[in-house]
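Colleague: So here's my_file38.cif, just mmCIF, C-alpha atoms:
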```
data_entry
loop_
_atom_site.label_atom_id
_atom_site.label_comp_id
_atom_site.auth_asym_id
_atom_site.auth_seq_id
_atom_site.Cartn_x
_atom_site.Cartn_y
_atom_site.Cartn_z
CA MET A 336 137.38 90.01 85.19
CA GLU A 337 134.51 87.73 84.28
CA ASP A 338 132.47 88.62 81.25
CA VAL A 339 129.12 90.21 81.95
CA ARG A 340 126.23 88.84 80.01
CA LEU A 341 123.30 91.15 79.49
CA ILE A 342 119.84 89.61 79.18
CA GLU A 343 116.81 91.64 78.16
CA VAL A 344 113.94 90.16 80.17
CA LYS A 345 110.24 90.34 79.46
CA GLU A 346 107.36 89.86 81.83
CA GLU A 347 105.23 86.86 80.99
CA ILE A 348 101.86 88.45 81.60
CA MET A 349 99.78 85.32 81.26
CA ALA A 350 101.80 83.03 83.48
CA ASP A 351 100.80 82.41 87.04
CA ASN A 352 103.78 83.97 88.77
CA ASN A 353 103.29 82.02 91.97
CA GLN A 354 103.38 78.76 90.05
CA VAL A 355 106.58 79.73 88.24
CA ALA A 356 108.08 80.79 91.59
CA GLN A 357 107.29 77.38 93.09
CA SER A 358 108.97 75.62 90.20
CA VAL A 359 112.06 77.83 90.62
CA ARG A 360 112.29 76.77 94.28
CA LYS A 361 111.84 73.09 93.37
CA ARG A 362 114.50 73.24 90.65
CA LEU A 363 117.02 74.91 92.96
CA GLY A 364 116.15 72.55 95.80
CA ASN A 365 117.20 69.67 93.56
CA THR A 366 120.65 71.17 93.01
CA LYS A 367 121.00 72.54 96.60
CA THR A 368 121.34 76.08 95.29
CA LEU A 369 120.08 78.67 97.77
CA LEU A 370 118.44 81.65 96.07
CA LEU A 371 118.43 84.96 97.92
CA ASN A 372 116.43 87.98 96.74
CA LEU A 373 117.98 91.30 97.82
CA MET A 374 115.74 94.37 97.77
CA SER A 375 115.95 98.03 98.79
CA SER A 376 115.41 101.61 97.67
CA PRO A 377 117.80 102.98 95.05
CA GLY A 378 121.18 103.64 96.62
CA SER A 379 120.74 101.80 99.92
CA GLY A 380 123.80 99.68 99.23
CA LYS A 381 122.73 96.44 97.53
CA THR A 382 125.80 96.17 95.29
CA SER A 383 128.13 97.22 98.12
CA LEU A 384 126.60 94.52 100.32
CA ILE A 385 127.19 91.89 97.65
CA LEU A 386 130.84 92.95 97.33
CA ARG A 387 131.34 92.90 101.13
CA THR A 388 129.61 89.52 101.36
CA LEU A 389 131.81 87.88 98.79
CA GLU A 390 134.95 89.19 100.55
CA ASN A 391 133.83 87.40 103.71
CA LEU A 392 132.08 84.33 102.36
CA GLY A 393 135.11 82.11 101.86
CA ALA A 394 136.08 80.06 98.84
CA ASN A 395 133.99 77.01 99.79
CA ILE A 396 130.72 78.62 98.78
CA ARG A 397 130.27 79.02 95.04
CA LEU A 398 128.49 82.38 94.61
CA GLY A 399 126.71 83.66 91.53
CA VAL A 400 125.03 87.05 91.19
CA ILE A 401 122.06 88.09 89.10
CA GLU A 402 121.80 91.86 88.80
CA ALA A 403 118.60 93.54 87.65
CA ASP A 404 118.19 97.09 86.50
CA ILE A 405 115.90 99.04 84.26
CA ASP A 406 118.92 100.16 82.35
CA SER A 407 122.74 99.99 82.57
CA GLN A 408 125.01 97.15 83.63
CA VAL A 409 127.31 99.00 86.00
CA ASP A 410 126.41 96.74 88.94
CA ALA A 411 127.17 93.48 87.15
CA GLU A 412 130.45 94.95 85.96
CA LYS A 413 131.42 95.83 89.55
CA VAL A 414 130.70 92.27 90.69
CA ALA A 415 132.39 90.64 87.70
CA ALA A 416 135.48 92.78 88.33
CA ARG A 417 135.93 90.76 91.55
CA GLY A 418 135.98 87.52 89.60
CA ILE A 419 132.43 86.49 90.45
CA ALA A 420 130.00 85.09 87.87
CA ALA A 421 127.43 87.76 87.17
CA ILE A 422 124.48 88.15 84.84
CA GLN A 423 122.80 91.48 84.19
CA LEU A 424 119.05 91.43 83.58
CA ARG A 425 117.75 94.55 81.94
CA THR A 426 114.03 94.91 82.70
CA GLY A 427 113.43 97.57 80.05
CA GLY A 428 111.28 99.78 82.24
CA PHE A 429 109.81 97.17 84.54
CA CYS A 430 109.91 98.13 88.18
CA HIS A 431 110.41 94.64 89.61
CA LEU A 432 111.54 91.11 88.82
CA ASP A 433 109.07 88.27 88.54
CA ALA A 434 109.79 84.54 88.65
CA THR A 435 109.86 84.22 84.86
CA MET A 436 112.56 86.89 84.57
CA VAL A 437 114.52 85.17 87.34
CA THR A 438 114.22 81.86 85.48
CA GLN A 439 115.87 83.51 82.46
CA GLY A 440 118.71 84.67 84.71
CA LEU A 441 119.10 81.23 86.31
CA ASP A 442 119.29 79.58 82.88
CA ALA A 443 121.88 82.09 81.69
CA ILE A 444 124.15 81.77 84.73
CA LYS A 445 123.71 77.96 84.90
CA ALA A 446 122.31 78.01 88.41
CA GLU A 447 123.09 74.38 89.16
CA ASP A 448 126.81 75.23 89.30
CA PHE A 449 126.38 77.37 92.43
CA ASP A 450 125.72 76.94 96.15
CA LEU A 451 124.30 80.44 96.52
CA ILE A 452 122.80 82.86 94.03
CA ILE A 453 122.03 86.41 95.06
CA ILE A 454 119.53 88.36 93.00
CA GLU A 455 119.90 92.13 93.22
CA ASN A 456 116.36 93.27 92.49
CA VAL A 457 115.40 96.66 90.98
CA GLY A 458 115.83 99.52 93.46
CA ASN A 459 112.27 100.02 94.67
CA LEU A 460 110.53 99.45 98.03
CA VAL A 461 107.11 98.95 96.47
CA CYS A 462 106.72 96.67 93.47
CA PRO A 463 109.39 94.02 94.15
CA ALA A 464 107.56 93.15 97.39
CA GLU A 465 104.49 92.10 95.39
CA PHE A 466 106.14 89.46 93.19
CA ASP A 467 107.45 86.13 94.41
CA THR A 468 110.75 85.68 92.55
CA GLY A 469 111.14 82.04 93.56
CA ALA A 470 113.81 82.94 96.12
CA HIS A 471 114.17 80.90 99.30
CA LYS A 472 115.02 83.96 101.37
CA ASN A 473 114.05 87.61 101.00
CA VAL A 474 116.51 90.14 102.36
CA MET A 475 116.05 93.90 102.41
CA ILE A 476 118.34 96.81 103.14
CA LEU A 477 117.20 100.02 104.76
CA SER A 478 119.91 102.66 104.97
CA VAL A 479 120.06 105.15 107.83
CA PRO A 480 119.68 108.28 105.64
CA GLU A 481 116.30 106.98 104.40
CA GLY A 482 114.81 107.47 107.86
CA ASP A 483 113.17 105.39 110.57
CA ASP A 484 109.61 105.94 109.31
CA LYS A 485 109.87 103.65 106.27
CA PRO A 486 108.09 100.63 107.85
CA LEU A 487 105.02 102.86 108.24
CA LYS A 488 105.05 103.70 104.54
CA TYR A 489 106.16 100.45 102.91
CA PRO A 490 104.74 97.83 105.27
CA LEU A 491 104.52 95.01 102.72
CA MET A 492 108.27 95.04 102.02
CA PHE A 493 109.11 94.80 105.72
CA SER A 494 106.50 92.06 106.16
CA ILE A 495 107.78 89.66 103.51
CA CYS A 496 111.49 89.73 104.36
CA ASN A 497 113.41 87.18 106.40
CA VAL A 498 116.24 89.61 107.10
CA LEU A 499 116.52 93.39 107.44
CA LEU A 500 119.99 94.87 107.06
CA ILE A 501 120.22 98.41 108.44
CA ASN A 502 123.07 99.81 106.38
CA LYS A 503 125.15 103.01 106.60
CA ILE A 504 125.17 103.03 110.39
CA ASP A 505 128.30 105.17 110.04
CA TYR A 506 125.80 107.96 109.20
CA LEU A 507 124.01 107.59 112.56
CA ALA A 508 125.96 110.40 114.19
CA LEU A 509 124.81 112.86 111.51
CA SER A 510 121.21 111.70 111.57
CA ASP A 511 118.15 111.78 113.82
CA PHE A 512 117.42 108.14 112.94
CA ASP A 513 115.78 106.48 115.97
CA MET A 514 116.99 102.85 115.98
CA ALA A 515 114.70 101.77 118.83
CA ALA A 516 111.65 103.21 117.07
CA LEU A 517 112.67 101.59 113.79
CA ARG A 518 113.07 98.17 115.41
CA GLN A 519 109.71 98.48 117.15
CA ARG A 520 107.97 99.41 113.88
CA VAL A 521 109.59 96.56 111.97
CA LEU A 522 108.93 93.92 114.63
CA ALA A 523 105.28 94.99 114.87
CA LEU A 524 104.94 94.09 111.18
CA ASN A 525 107.17 91.03 111.22
CA PRO A 526 108.13 89.56 114.61
CA ALA A 527 110.25 86.79 113.03
CA ILE A 528 112.55 89.07 111.00
CA LYS A 529 116.28 88.99 111.71
CA ILE A 530 117.87 92.44 111.97
CA PHE A 531 121.55 93.22 111.47
CA GLU A 532 123.06 96.70 111.81
CA ILE A 533 125.88 97.08 109.30
CA SER A 534 128.06 99.49 107.40
CA CYS A 535 129.30 98.33 104.03
CA LYS A 536 131.73 101.24 104.13
CA THR A 537 133.44 100.45 107.45
CA GLY A 538 132.66 96.72 107.53
CA VAL A 539 130.88 96.86 110.90
CA GLY A 540 128.33 94.07 111.31
CA ILE A 541 129.27 92.28 108.07
CA ALA A 542 130.72 89.29 109.96
CA GLN A 543 127.42 88.67 111.78
CA TRP A 544 125.44 88.90 108.54
CA VAL A 545 127.82 86.57 106.69
CA ALA A 546 127.74 84.08 109.58
CA TRP A 547 123.94 83.96 109.26
CA LEU A 548 124.21 83.52 105.49
CA LYS A 549 126.83 80.75 105.72
CA LYS A 550 124.64 78.82 108.13
CA GLU A 551 121.67 79.14 105.77
CA VAL A 552 123.73 77.86 102.83
CA SER A 553 125.06 75.01 104.96
CA ASP A 554 121.59 74.03 106.26
CA PHE A 555 120.17 74.15 102.75
CA SER A 556 122.81 71.88 101.28
CA SER A 557 122.60 69.24 103.99
CA MET B 1267 96.99 122.21 113.34
CA GLU B 1268 94.89 121.74 110.23
CA ASP B 1269 92.84 118.59 109.98
CA VAL B 1270 94.26 115.94 107.70
CA ARG B 1271 91.80 114.35 105.33
CA LEU B 1272 92.60 110.87 104.15
CA ILE B 1273 91.38 109.83 100.71
CA GLU B 1274 91.62 106.25 99.48
CA VAL B 1275 92.35 106.55 95.77
CA LYS B 1276 91.78 104.01 93.05
CA GLU B 1277 93.40 103.77 89.66
CA GLU B 1278 90.95 104.22 86.82
CA ILE B 1279 92.28 101.48 84.57
CA MET B 1280 90.16 102.28 81.54
CA ALA B 1281 90.72 106.01 81.40
CA ASP B 1282 93.28 107.49 79.10
CA ASN B 1283 95.67 108.92 81.66
CA ASN B 1284 97.19 111.45 79.29
CA GLN B 1285 93.74 112.85 78.53
CA VAL B 1286 92.91 113.18 82.23
CA ALA B 1287 96.30 114.84 82.80
CA GLN B 1288 95.58 117.40 80.07
CA SER B 1289 92.23 118.25 81.64
CA VAL B 1290 93.92 118.69 85.04
CA ARG B 1291 96.33 121.20 83.50
CA LYS B 1292 93.51 123.06 81.78
CA ARG B 1293 91.40 123.22 84.94
CA LEU B 1294 94.31 124.58 87.00
CA GLY B 1295 95.28 127.00 84.25
CA ASN B 1296 91.82 128.54 84.55
CA THR B 1297 92.32 129.22 88.28
CA LYS B 1298 96.05 130.11 87.96
CA THR B 1299 97.01 127.27 90.29
CA LEU B 1300 100.49 125.91 89.60
CA LEU B 1301 100.73 122.17 90.18
CA LEU B 1302 104.14 120.73 91.05
CA ASN B 1303 104.83 116.99 91.20
CA LEU B 1304 107.64 116.09 93.62
CA MET B 1305 109.29 112.69 93.19
CA SER B 1306 112.22 110.76 94.68
CA SER B 1307 113.32 107.49 96.26
CA PRO B 1308 111.99 106.71 99.72
CA GLY B 1309 113.73 108.90 102.28
CA SER B 1310 115.39 111.41 99.96
CA GLY B 1311 113.70 114.30 101.75
CA LYS B 1312 110.43 115.13 99.97
CA THR B 1313 108.54 116.04 103.13
CA SER B 1314 111.51 117.93 104.57
CA LEU B 1315 111.75 119.91 101.34
CA ILE B 1316 108.07 120.84 101.52
CA LEU B 1317 108.50 122.03 105.12
CA ARG B 1318 111.60 124.09 104.22
CA THR B 1319 109.83 125.51 101.17
CA LEU B 1320 106.83 126.74 103.12
CA GLU B 1321 109.12 128.41 105.69
CA ASN B 1322 110.67 130.44 102.88
CA LEU B 1323 107.77 130.94 100.51
CA GLY B 1324 106.19 133.96 102.14
CA ALA B 1325 102.54 134.54 103.05
CA ASN B 1326 101.56 135.87 99.62
CA ILE B 1327 101.55 132.46 97.99
CA ARG B 1328 98.68 130.22 99.06
CA LEU B 1329 100.20 126.72 99.29
CA GLY B 1330 98.33 123.42 99.45
CA VAL B 1331 99.95 119.99 99.74
CA ILE B 1332 98.74 116.63 98.47
CA GLU B 1333 100.63 113.76 100.08
CA ALA B 1334 100.57 110.28 98.60
CA ASP B 1335 101.61 107.08 100.27
CA ILE B 1336 100.82 103.43 100.02
CA ASP B 1337 99.95 103.50 103.68
CA SER B 1338 100.13 105.88 106.66
CA GLN B 1339 99.45 109.60 106.88
CA VAL B 1340 102.53 110.72 108.80
CA ASP B 1341 103.64 113.11 106.06
CA ALA B 1342 100.33 114.96 105.80
CA GLU B 1343 100.27 115.27 109.57
CA LYS B 1344 103.75 116.85 109.56
CA VAL B 1345 102.65 119.40 106.95
CA ALA B 1346 99.31 120.12 108.62
CA ALA B 1347 101.12 120.69 111.92
CA ARG B 1348 102.64 123.80 110.28
CA GLY B 1349 99.18 125.15 109.51
CA ILE B 1350 99.21 124.23 105.83
CA ALA B 1351 96.24 122.63 104.07
CA ALA B 1352 97.12 119.01 103.40
CA ILE B 1353 95.34 116.02 101.94
CA GLN B 1354 96.64 112.50 102.30
CA LEU B 1355 96.03 110.13 99.40
CA ARG B 1356 96.41 106.47 100.29
CA THR B 1357 97.14 104.48 97.15
CA GLY B 1358 96.45 101.11 98.76
CA GLY B 1359 99.46 99.37 97.28
CA PHE B 1360 99.85 101.36 94.07
CA CYS B 1361 103.38 102.41 93.37
CA HIS B 1362 102.60 105.74 91.70
CA LEU B 1363 99.97 108.45 91.29
CA ASP B 1364 98.06 108.87 88.05
CA ALA B 1365 96.06 111.89 86.92
CA THR B 1366 92.75 110.42 88.10
CA MET B 1367 94.10 110.00 91.64
CA VAL B 1368 95.45 113.55 91.53
CA THR B 1369 92.03 114.81 90.42
CA GLN B 1370 90.52 113.24 93.55
CA GLY B 1371 93.11 115.08 95.64
CA LEU B 1372 92.49 118.39 93.85
CA ASP B 1373 88.74 118.07 94.44
CA ALA B 1374 89.25 117.27 98.11
CA ILE B 1375 91.62 120.16 98.80
CA LYS B 1376 89.60 122.60 96.63
CA ALA B 1377 92.48 123.37 94.32
CA GLU B 1378 91.03 126.64 93.05
CA ASP B 1379 91.73 128.25 96.45
CA PHE B 1380 95.52 127.96 96.00
CA ASP B 1381 98.32 129.56 93.99
CA LEU B 1382 100.56 126.52 94.31
CA ILE B 1383 99.86 122.89 95.02
CA ILE B 1384 102.70 120.47 95.66
CA ILE B 1385 102.05 116.77 95.19
CA GLU B 1386 104.39 114.52 97.13
CA ASN B 1387 104.34 111.38 94.99
CA VAL B 1388 104.98 107.83 96.25
CA GLY B 1389 108.66 107.25 97.07
CA ASN B 1390 109.86 105.43 93.95
CA LEU B 1391 112.26 106.36 91.13
CA VAL B 1392 110.60 104.05 88.61
CA CYS B 1393 106.83 104.02 88.27
CA PRO B 1394 105.96 107.67 89.03
CA ALA B 1395 108.07 108.71 86.03
CA GLU B 1396 105.76 106.76 83.72
CA PHE B 1397 102.50 108.50 84.61
CA ASP B 1398 101.64 112.10 83.75
CA THR B 1399 99.94 113.43 86.89
CA GLY B 1400 98.71 116.60 85.22
CA ALA B 1401 101.39 118.68 86.94
CA HIS B 1402 102.87 121.73 85.24
CA LYS B 1403 106.32 121.05 86.63
CA ASN B 1404 108.06 117.84 87.62
CA VAL B 1405 110.69 118.10 90.33
CA MET B 1406 112.85 115.30 91.65
CA ILE B 1407 115.16 114.94 94.62
CA LEU B 1408 118.29 112.82 94.60
CA SER B 1409 120.02 112.65 97.95
CA VAL B 1410 123.79 112.32 98.25
CA PRO B 1411 123.74 108.96 100.10
CA GLU B 1412 121.92 107.38 97.15
CA GLY B 1413 125.00 107.78 94.97
CA ASP B 1414 126.01 109.51 91.75
CA ASP B 1415 125.19 106.52 89.51
CA LYS B 1416 121.41 106.87 89.70
CA PRO B 1417 120.95 108.65 86.32
CA LEU B 1418 122.46 105.53 84.69
CA LYS B 1419 119.89 103.29 86.35
CA TYR B 1420 116.73 105.41 86.34
CA PRO B 1421 117.15 107.49 83.18
CA LEU B 1422 113.45 108.13 82.57
CA MET B 1423 112.98 109.92 85.89
CA PHE B 1424 115.91 112.25 85.23
CA SER B 1425 114.66 112.85 81.69
CA ILE B 1426 111.12 114.01 82.53
CA CYS B 1427 111.97 116.46 85.34
CA ASN B 1428 112.26 120.23 85.07
CA VAL B 1429 114.28 120.48 88.27
CA LEU B 1430 116.71 118.22 90.11
CA LEU B 1431 117.33 118.99 93.76
CA ILE B 1432 120.46 117.31 95.10
CA ASN B 1433 119.65 117.03 98.79
CA LYS B 1434 121.69 116.13 101.88
CA ILE B 1435 124.83 117.85 100.62
CA ASP B 1436 125.82 118.00 104.31
CA TYR B 1437 126.66 114.28 103.79
CA LEU B 1438 129.17 115.05 101.01
CA ALA B 1439 132.15 114.99 103.34
CA LEU B 1440 131.32 111.42 104.41
CA SER B 1441 130.62 110.22 100.92
CA ASP B 1442 132.43 109.44 97.66
CA PHE B 1443 129.62 111.12 95.70
CA ASP B 1444 131.13 112.72 92.58
CA MET B 1445 129.13 115.88 91.91
CA ALA B 1446 130.78 116.62 88.56
CA ALA B 1447 130.09 113.10 87.30
CA LEU B 1448 126.50 113.29 88.51
CA ARG B 1449 125.90 116.60 86.75
CA GLN B 1450 127.42 115.28 83.53
CA ARG B 1451 125.21 112.15 83.62
CA VAL B 1452 122.08 114.15 84.31
CA LEU B 1453 122.74 116.80 81.66
CA ALA B 1454 123.46 114.10 79.07
CA LEU B 1455 119.90 112.85 79.62
CA ASN B 1456 118.26 116.23 80.05
CA PRO B 1457 120.23 119.33 79.04
CA ALA B 1458 117.41 121.71 80.06
CA ILE B 1459 117.09 120.53 83.66
CA LYS B 1460 117.72 123.05 86.47
CA ILE B 1461 119.94 121.69 89.25
CA PHE B 1462 120.08 123.00 92.80
CA GLU B 1463 122.35 121.64 95.51
CA ILE B 1464 120.58 121.83 98.85
CA SER B 1465 120.43 120.55 102.40
CA CYS B 1466 117.04 120.51 104.04
CA LYS B 1467 118.82 119.95 107.33
CA THR B 1468 121.15 122.98 107.24
CA GLY B 1469 119.08 125.13 104.89
CA VAL B 1470 121.88 125.56 102.34
CA GLY B 1471 120.58 126.22 98.83
CA ILE B 1472 116.92 126.50 99.88
CA ALA B 1473 116.81 130.24 99.07
CA GLN B 1474 117.89 129.60 95.46
CA TRP B 1475 115.30 126.85 95.01
CA VAL B 1476 112.51 128.95 96.54
CA ALA B 1477 113.48 131.94 94.37
CA TRP B 1478 113.04 129.72 91.30
CA LEU B 1479 109.69 128.45 92.59
CA LYS B 1480 108.38 131.94 93.41
CA LYS B 1481 109.21 133.10 89.90
CA GLU B 1482 107.38 130.12 88.41
CA VAL B 1483 104.28 130.86 90.51
CA SER B 1484 104.45 134.52 89.60
CA ASP B 1485 104.88 133.82 85.86
CA PHE B 1486 102.04 131.32 85.93
CA SER B 1487 99.59 133.72 87.55
CA SER B 1488 100.32 136.65 85.26
#
```
Please lay out the structure from this file as structure tokens.
Modeller:
Amino acid sequence: MEDVRLIEVKEEIMADNNQVAQSVRKRLGNTKTLLLNLMSSPGSGKTSLILRTLENLGANIRLGVIEADIDSQVDAEKVAARGIAAIQLRTGGFCHLDATMVTQGLDAIKAEDFDLIIIENVGNLVCPAEFDTGAHKNVMILSVPEGDDKPLKYPLMFSICNVLLINKIDYLALSDFDMAALRQRVLALNPAIKIFEISCKTGVGIAQWVAWLKKEVSDFSS
Amino acid sequence: MEDVRLIEVKEEIMADNNQVAQSVRKRLGNTKTLLLNLMSSPGSGKTSLILRTLENLGANIRLGVIEADIDSQVDAEKVAARGIAAIQLRTGGFCHLDATMVTQGLDAIKAEDFDLIIIENVGNLVCPAEFDTGAHKNVMILSVPEGDDKPLKYPLMFSICNVLLINKIDYLALSDFDMAALRQRVLALNPAIKIFEISCKTGVGIAQWVAWLKKEVSDFSS
């Protein structure tokens, strides 16, 4: 098991977050390190997705993970237990990551050593959508038990993401979740978004998601 | 169906929120109106709980509902469709309600006409925990699909609540949710919290929760 390093991050109130985010993207462009920002409600399956992804990613892609939570380091420990480099950022009450906090994580994990870094943002559909972390791609998870009305209530999150992963589709049989209505609501906000239906529990749909991710990493490094 | 009124609320940055919250409690104490602040992640079942509660509350208790969302008024419409007075607060991007926003809702719904007002806060386990809304009781929902590790990650929310409702227990059979571990984690943060296991879908546990609520309303008015 890799060691987990815990970093207490602070928001840099005075900095222009967008400017810091641009410099993160430039820095990682230089080292061909793709940065992916993963967001969702609490308990939608962000950590499970990361674990499923690394099982399917193959050894050629060097993956690092930056976990963020208000408190605790259970997620980073789960990732590190699989032998993956992981840093835990503790936001100390903050409800989101900004680009300055991400920079602290990138420094700590030595970002230039990786082809792909996944940030697991704080579980929250509101605030993380408002702060550019410097990531090249924004990915969100909506899980079936949360309901198909969430794009109506959290439109910004659905608007800023490149990919929507609809997780826990193994719960569909128990649920009145209307997949067609959900897709229509999401595409009305964001016609370019890619949507994958997955279950981190059963593994359904993971291959399609990982194929997309591998192509992105490959395109970015070439 | 009752009409739904939509109020665009603004945060009063300069006001001392705790002071406004105290004056909300005093005002509602004068009219014997119990104010309950309902919080959870997106999709944990806040609106479903309100609908189940009003089915079981009985006609003697005059119930009003203040819904809050960043956007949309689907929740207030669902409540109003059952003939219950409902106000929709649109926070315009804000991730929580503060006491000033709640005051605007109380004015709009004419709070003094009710025995019980339930506020459905913005779906978020982080920010709403940080702002005293002026409520007499804080109630949170954690749904089974979110997982039993949430007290480790969002300790403040579990610490400030009087009641925890564990919803969607009909999903327990599909899940690896460890109820004993969850209870232990919650009680370590907040030994005085009341915990009810419920399913808004099947109705299990609703009678116990409503019995608690009726007693609170009765005690408050006497």
Colleague: Env of region 1408-1425 of chain B: 7 Å cut, atoms = all atoms listed in the file, seq-sep filter 2 positions within chain, self excluded. Answer as a PyMOL selection string.
Modeller: (chain A and resi 377-379+404-407+480) or (chain B and resi 1306+1310+1391-1392+1395+1406+1427+1431-1435+1437-1438+1443-1444+1448+1451-1452+1455-1456)
Colleague: To one decimal in Å, tell me the separation between CA of Gly1324 (chain B) and CA of Cys1466 (chain B).
Modeller: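 Rounded to one decimal, the two atoms are 17.4 Å apart.
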Colleague: Can you tell me, as JSON, the centre and edge lengths (Å, one decimal) of the axis-aligned box enclosing all of region 1399-1408 of chain B's listed atoms after padding each side by 6 Å?
Modeller:
```
{"center_x": 108.5, "center_y": 117.3, "center_z": 89.9, "size_x": 31.6, "size_y": 20.9, "size_z": 21.4}
```
Colleague: Can you work out which one of B:Lys1467, B:Lys1312, B:Lys1480, B:Arg1449 has the shortest atom-to-atom distance to Asp1436 (chain B), counting all atoms listed in the file?
Modeller: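 Among the listed residues, B:Lys1467 lies closest to Asp1436 (chain B).
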Colleague: Nearest to chain A: which of B:Cys1393, B:Ile1273, B:Ala1346, B:Val1286 is it, counting only C-alpha atoms?
Modeller: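 Of B:Cys1393, B:Ile1273, B:Ala1346, B:Val1286, the one nearest chain A, counting only C-alpha atoms, is B:Cys1393.
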Colleague: Take CA of Glu390 (chain A) and CA of Lys472 (chain A) and report the distance between them in Å, one decimal.
Modeller: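 That distance, rounded to one decimal, is 20.6 Å.
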Colleague: What does the distance from CA of Ala1374 (chain B) to CA of Ser1487 (chain B) come to in Å, to one decimal?
Modeller: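 That distance, rounded to one decimal, is 22.1 Å.
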Colleague: Taking into account only C-alpha atoms, which residue in the set B:Ala1439, B:Ile1383, B:Val1405, B:Ile1472 is nearest to chain A?
Modeller: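 Closest candidate: B:Ala1439.
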Colleague: Specify as a PyMOL selection string each residue included when the PyMOL selection byres ((chain A and resi 544) around 10) is applied to this file.
Modeller: chain A and resi 388+391+498+500+529-533+539-543+545-549
Colleague: From the set B:Arg1348, B:Arg1328, B:Arg1291, B:Arg1271, which residue has the shortest atom-to-atom contact distance to Thr1399 (chain B), counting all atoms listed in the file?
Modeller: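 Comparing B:Arg1348, B:Arg1328, B:Arg1291, B:Arg1271 against Thr1399 (chain B), the winner is B:Arg1291.
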Colleague: Which of these residues is nearest to Leu509 (chain A), using only C-alpha atoms: B:Ala1325, B:Thr1468, B:Met1305, B:Cys1361?
Modeller: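 Residue with the minimum atom-to-atom distance to Leu509 (chain A): B:Thr1468.
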Colleague: Can you tell me, as a list in words, which residues sit within 12 Å of (102.8, 132.7, 84.1) in the file's frame, using all atoms listed in the file?
Modeller: Gly1295, Asn1296, Thr1297, Lys1298, Thr1299, Leu1300, Asp1381, His1402, Leu1479, Lys1480, Lys1481, Glu1482, Val1483, Ser1484, Asp1485, Phe1486, Ser1487 and Ser1488 of chain B
Colleague: Given all atoms listed in the file as the basis, pick out the residue of B:Thr1357, B:Asn1284, B:Asn1404, B:Gln1450 nearest to chain A.
Modeller: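 Selected residue with least distance to chain A: B:Thr1357.
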Colleague: Determine the residue set returned by the PyMOL selection byres ((chain B and resi 1349) around 12) for the present structure, and present it as an MDAnalysis selection string.
Modeller: chainID B and resid 1267:1270 1317 1320:1321 1325 1328:1331 1342:1348 1350:1352
Colleague: Which residues come within 8 Å of Gly440 (chain A), counting only C-alpha atoms, excluding same-chain residues fewer than 6 positions away, as a PyMOL selection string?
Modeller: chain A and resi 342+401+422-424
Colleague: Can you list, as number ranges by chain, every protein, DNA or RNA residue that comes within 8 Å of Ala434 (chain A) when you count only C-alpha atoms, leaving out same-chain residues fewer than 4 positions away?
Modeller: A: 352-353, 355-356, 359, 438, 466-469
